[in-house]
There are 2 protein chains.
Amino acid sequence: MTEPKEFLYPGKWLSKASAGDRVACELRMQIISGLIESGTILSENKLAADFAVSRSPIREALKILASENMIRLERMGAVVIGLTEKEIEEIYDVRLLIETFVFERLVKMDIHELVNELSKIHEMMKVAIKFQDADEFSYQDVLFHETIIRAINHSYMLMIWNNLKPVMESLILLSMRARFKEKYEDFPRILENHELYIEAIKTRDRTLMIKSLHQNFDDVQGKIEDLWMSQQMLSKGAELEDE
Amino acid sequence: MTEPKEFLYPGKWLSKASAGDRVACELRMQIISGLIESGTILSENKLAADFAVSRSPIREALKILASENMIRLERMGAVVIGLTEKEIEEIYDVRLLIETFVFERLVKMDIHELVNELSKIHEMMKVAIKFQDADEFSYQDVLFHETIIRAINHSYMLMIWNNLKPVMESLILLSMRARFKEKYEDFPRILENHELYIEAIKTRDRTLMIKSLHQNFDDVQGKIEDLWMSQQMLSKGAELEDE
DNA sequence: GTTATAATACTTGTATACAAGTATACCTTA
DNA sequence: TAAGGTATACTTGTATACAAGTATTATAAC
């Protein structure tokens with residue numbers, strides 16, 4: 001069996017991460033991309049062998065993934081749940097719920113510094129596009145939304161985000177990588193959406209915020225199906241190669 | 001130093017739990033009750049000695065508590081965060097957010113079986129009051145709300161609940177135990193609130209649902225301050241005894 | 001007395017060892 | 001051939017061991 005030498009998750013994001021985190025990030029990407037199919041049973045020992053680490057970090061990784069609803073820890077083995085269309089919709093339910101809540105708080109706050117911060121991130125995204133750096137773009141995209149959420153200083157809203165973030169990050173990464181290759185013309189629109197979002201915050205315009213938020217979802221979700229197909233093909237291909 | 005032989009968390013709820021879960025549950029109770037003060041630094045080795053287990057389950061417990069925002073894992077040691085008034089309000093923000101979302105889904109569903117289930121739990125609560133069983137009452141109270149959330153079959157809403165549940169459970173436990181001793185007359189009103197909630201679901205009445213939900217919060221939160229004081233006194237007393 | 005350096009006693013993260021339990025497969029017996 | 005029991009090869013959860021790093025403290029030099 002030929003092991004993939006290349007990891008799906010960007011190595012430079014893991015500079016100070018523990019082995020457990022690394023494994024969790026990589027497994028998460030493999031699950032979301034479809035490389036590991038839904039229903040697969042993961043064994044601690046096998047994973048430890050595959051990733052060339054001991055069971056301790058593997059157990060840590062599995063606990064993380066279970067709390068993110070990516071796997072289900074059963075009596076024997078961890079069953080991969082993965083993301084169907086239904087789960088992706090559910091994730092967006094939660095994001096919509098969080099971000100609208102956050103917005104209601106924002107309109108009562110001094111948002112000067114936040115808007116400034118978001119503008120900076122927005123500029124970063126432009127640069128990432130210019131240099132065709134999908135990973136950097138994804139990073140800034142996630143950071144954009146996290147910055148908004150952090151702004152209201154609500155530890156339990158942040159807790160929800162922290163649980164959702166890894167999955168979102170992986171989804172966005174995969175979506176953007178595919179987009180850079182196939183749909184480069186999408187990016188001006190994505191950038192514009194983020195501008196609209198900033199504008200909505202600046203002018204405290206609920207309707208505009210909801211609108212740009214929904215469009216932002218569509219930008220990741222819209223092409224999910226295509227992404228799905230291509231990733232499925234990819235994983236089937238890899239399987240065939242293995243034999 | 002005299003160790004408490006009695007655990008705060010009900011032992012019978014831990015029949016099939018691992019050592020890590022036990023430690024997490026007990027530590028959570030101690031933090032929320034104020035027995036372990038906010039700002040305290042927990043050491044893995046010390047905890048392992050205190051609970052007479054190895055570091056493995058302790059590490060597991062600390063990871064769990066960190067994901068619940070009860071502690072903050074730092075470079076050296078785990079810092080206890082605990083619950084201030086602010087955090088408790090935030091928790092109720094989240095519950096309100098979840099349960100209103102759930103209600104919007106419920107009104108579009110067949111709620112026959114759910115109402116039946118809730119009525120059963122409601123009866124159980126009555127029995128628990130009759131026999132002055134605070135723990136059983138708390139269990140049924142938590143189950144009541146979990147049953148409602150589970151009804152809409154939304155895995156990511158359930159994920160949020162799963163993160164929040166342990167803290168809620170501890171809060172309710174402490175609140176109800178104090179109530180059984182000091183404010184026994186509160187229970188008829190609490191029961192009535194739950195009846196109202198069932199009624200709201202049955203008649204699909206948003207306003208009634210929100211109203212009973214808010215009252216339900218007040219029933220736990222309202223006496224939090226008193227609880228706080230009494231627990232603080234208790235912990236001070238224990239400290240003095242130790243020396 | 002103050003500062004710099006070195007030794008020590010912690011800390012975390014990972015690997016390994018072991019015990020208890022569970023599914024699988026094989027072998028015995030009818 | 002079918003049923004039942006046993007052996008085996010897994011599984012998880014916990015304990016222990018070890019390496020690498022960090023704070024603290026003591027010591028030495030100025």
# chains A, B, ... in the order shown; residues from 1 in each chain; ligands from 1

$ residues_around --residues "B:Glu90" --least-positions-apart "2" --cutoff "8 Å" --atoms "only C-alpha atoms (C1' of nucleotides)" --output "PDB file with N, CA and C atoms, in the first residue's frame"
ATOM      1  N   HIS A 154     -17.301  37.180  23.704  1.00  0.00           N
ATOM      2  CA  HIS A 154     -18.323  36.292  24.262  1.00  0.00           C
ATOM      3  C   HIS A 154     -17.728  34.890  24.297  1.00  0.00           C
ATOM      4  N   SER A 155     -17.311  34.444  25.485  1.00  0.00           N
ATOM      5  CA  SER A 155     -16.503  33.235  25.553  1.00  0.00           C
ATOM      6  C   SER A 155     -17.259  31.992  25.079  1.00  0.00           C
ATOM      7  N   TYR A 156     -18.569  31.949  25.288  1.00  0.00           N
ATOM      8  CA  TYR A 156     -19.286  30.750  24.882  1.00  0.00           C
ATOM      9  C   TYR A 156     -19.647  30.753  23.405  1.00  0.00           C
ATOM     10  N   MET A 157     -19.770  31.951  22.821  1.00  0.00           N
ATOM     11  CA  MET A 157     -19.943  32.007  21.373  1.00  0.00           C
ATOM     12  C   MET A 157     -18.622  31.590  20.717  1.00  0.00           C
TER      13      MET A 157
ATOM     14  N   LYS B  86     -20.930  36.870  34.255  1.00  0.00           N
ATOM     15  CA  LYS B  86     -20.835  37.074  32.796  1.00  0.00           C
ATOM     16  C   LYS B  86     -20.952  35.750  32.042  1.00  0.00           C
ATOM     17  N   GLU B  87     -20.176  34.771  32.468  1.00  0.00           N
ATOM     18  CA  GLU B  87     -20.201  33.488  31.762  1.00  0.00           C
ATOM     19  C   GLU B  87     -21.571  32.818  31.850  1.00  0.00           C
ATOM     20  N   ILE B  88     -22.202  32.937  32.997  1.00  0.00           N
ATOM     21  CA  ILE B  88     -23.508  32.310  33.143  1.00  0.00           C
ATOM     22  C   ILE B  88     -24.517  32.949  32.195  1.00  0.00           C
ATOM     23  N   TYR B  92     -26.559  31.183  28.908  1.00  0.00           N
ATOM     24  CA  TYR B  92     -27.986  31.290  28.611  1.00  0.00           C
ATOM     25  C   TYR B  92     -28.242  31.936  27.267  1.00  0.00           C
ATOM     26  N   ASP B  93     -27.349  32.801  26.827  1.00  0.00           N
ATOM     27  CA  ASP B  93     -27.425  33.280  25.444  1.00  0.00           C
ATOM     28  C   ASP B  93     -27.446  32.098  24.493  1.00  0.00           C
ATOM     29  N   VAL B  94     -26.530  31.186  24.731  1.00  0.00           N
ATOM     30  CA  VAL B  94     -26.399  30.035  23.834  1.00  0.00           C
ATOM     31  C   VAL B  94     -27.630  29.145  23.921  1.00  0.00           C
TER      32      VAL B  94
END

$ interface_residues --of "chain B" --to "chain D" --cutoff "8 Å" --atoms "only C-alpha atoms (C1' of nucleotides)" --output "PyMOL selection string"
chain B and resi 18+54+56-57

$ interface_residues --of "chain A" --to "chain B" --cutoff "12 Å" --atoms "only C-alpha atoms" --output "ChimeraX atom specification"
/A:16,55-57,59-72,75,81-84,86-102,105,152-164,167

$ closest_atom_pairs --of "chain B" --to "chain C" --cutoff "10 Å" --atoms "only C-alpha atoms (C1' of nucleotides)" --output "Markdown table"
| residue | atom | partner | partner_atom | distance |
| --- | --- | --- | --- | --- |
| B:Ser43 | CA | C:DT11 | C1' | 8.7 |
| B:Glu44 | CA | C:DT11 | C1' | 9.1 |
| B:Asn45 | CA | C:DT11 | C1' | 9.4 |
| B:Arg75 | CA | C:DT12 | C1' | 7.8 |
| B:Met76 | CA | C:DT11 | C1' | 5.9 |
| B:Gly77 | CA | C:DT11 | C1' | 7.6 |

$ residues_around --residues "A:Asn193" --least-positions-apart "6" --cutoff "8 Å" --atoms "only C-alpha atoms (C1' of nucleotides)" --output "PyMOL selection string"
chain A and resi 212-213+215-216

$ select_by_dssp --residues "stretch 22-130 of chain A" --states "helix (DSSP H, G or I)" --output "ChimeraX atom specification"
/A:22-33,44-51,55-67,85-106,112-130

$ residues_around --residues "B:Gln30" --least-positions-apart "6" --cutoff "9 Å" --atoms "only C-alpha atoms (C1' of nucleotides)" --output "JSON, numbers by chain"
{"B": [8, 9, 36, 37]}

$ residues_around --residues "B:Ala151" --least-positions-apart "4" --cutoff "9 Å" --atoms "only C-alpha atoms (C1' of nucleotides)" --output "PyMOL selection string"
chain B and resi 102+106+111+114+146-147

$ decode --residues "chain C" --atoms "C-alpha atoms (C1' of nucleotides)" --output "PDB file, in the first residue's frame"
ATOM      1  C1'  DG C   1      23.677  43.908  47.557  1.00  0.00           C
ATOM      2  C1'  DT C   2      23.012  42.890  42.761  1.00  0.00           C
ATOM      3  C1'  DT C   3      23.568  40.317  38.662  1.00  0.00           C
ATOM      4  C1'  DA C   4      24.713  36.333  35.942  1.00  0.00           C
ATOM      5  C1'  DT C   5      25.065  31.622  35.544  1.00  0.00           C
ATOM      6  C1'  DA C   6      24.386  26.876  36.721  1.00  0.00           C
ATOM      7  C1'  DA C   7      21.901  23.203  39.015  1.00  0.00           C
ATOM      8  C1'  DT C   8      17.585  21.333  40.234  1.00  0.00           C
ATOM      9  C1'  DA C   9      12.908  20.357  40.314  1.00  0.00           C
ATOM     10  C1'  DC C  10       9.363  20.888  38.031  1.00  0.00           C
ATOM     11  C1'  DT C  11       6.460  20.855  33.474  1.00  0.00           C
ATOM     12  C1'  DT C  12       4.479  18.717  28.966  1.00  0.00           C
ATOM     13  C1'  DG C  13       4.297  15.393  25.125  1.00  0.00           C
ATOM     14  C1'  DT C  14       5.194  10.882  23.483  1.00  0.00           C
ATOM     15  C1'  DA C  15       6.307   5.993  23.708  1.00  0.00           C
ATOM     16  C1'  DT C  16       5.722   1.688  25.673  1.00  0.00           C
ATOM     17  C1'  DA C  17       3.776  -1.862  28.778  1.00  0.00           C
ATOM     18  C1'  DC C  18       0.098  -4.164  30.681  1.00  0.00           C
ATOM     19  C1'  DA C  19      -4.649  -5.629  32.083  1.00  0.00           C
ATOM     20  C1'  DA C  20      -9.285  -6.486  30.995  1.00  0.00           C
ATOM     21  C1'  DG C  21     -12.615  -7.158  27.714  1.00  0.00           C
ATOM     22  C1'  DT C  22     -14.626  -8.439  22.910  1.00  0.00           C
ATOM     23  C1'  DA C  23     -15.027 -10.314  18.234  1.00  0.00           C
ATOM     24  C1'  DT C  24     -13.361 -13.895  15.108  1.00  0.00           C
ATOM     25  C1'  DA C  25     -12.151 -18.159  13.717  1.00  0.00           C
ATOM     26  C1'  DC C  26     -11.230 -22.617  14.393  1.00  0.00           C
ATOM     27  C1'  DC C  27     -11.871 -26.983  16.333  1.00  0.00           C
ATOM     28  C1'  DT C  28     -14.527 -30.384  18.724  1.00  0.00           C
ATOM     29  C1'  DT C  29     -18.666 -32.897  19.233  1.00  0.00           C
ATOM     30  C1'  DA C  30     -23.038 -34.446  18.111  1.00  0.00           C
TER      31       DA C  30
END
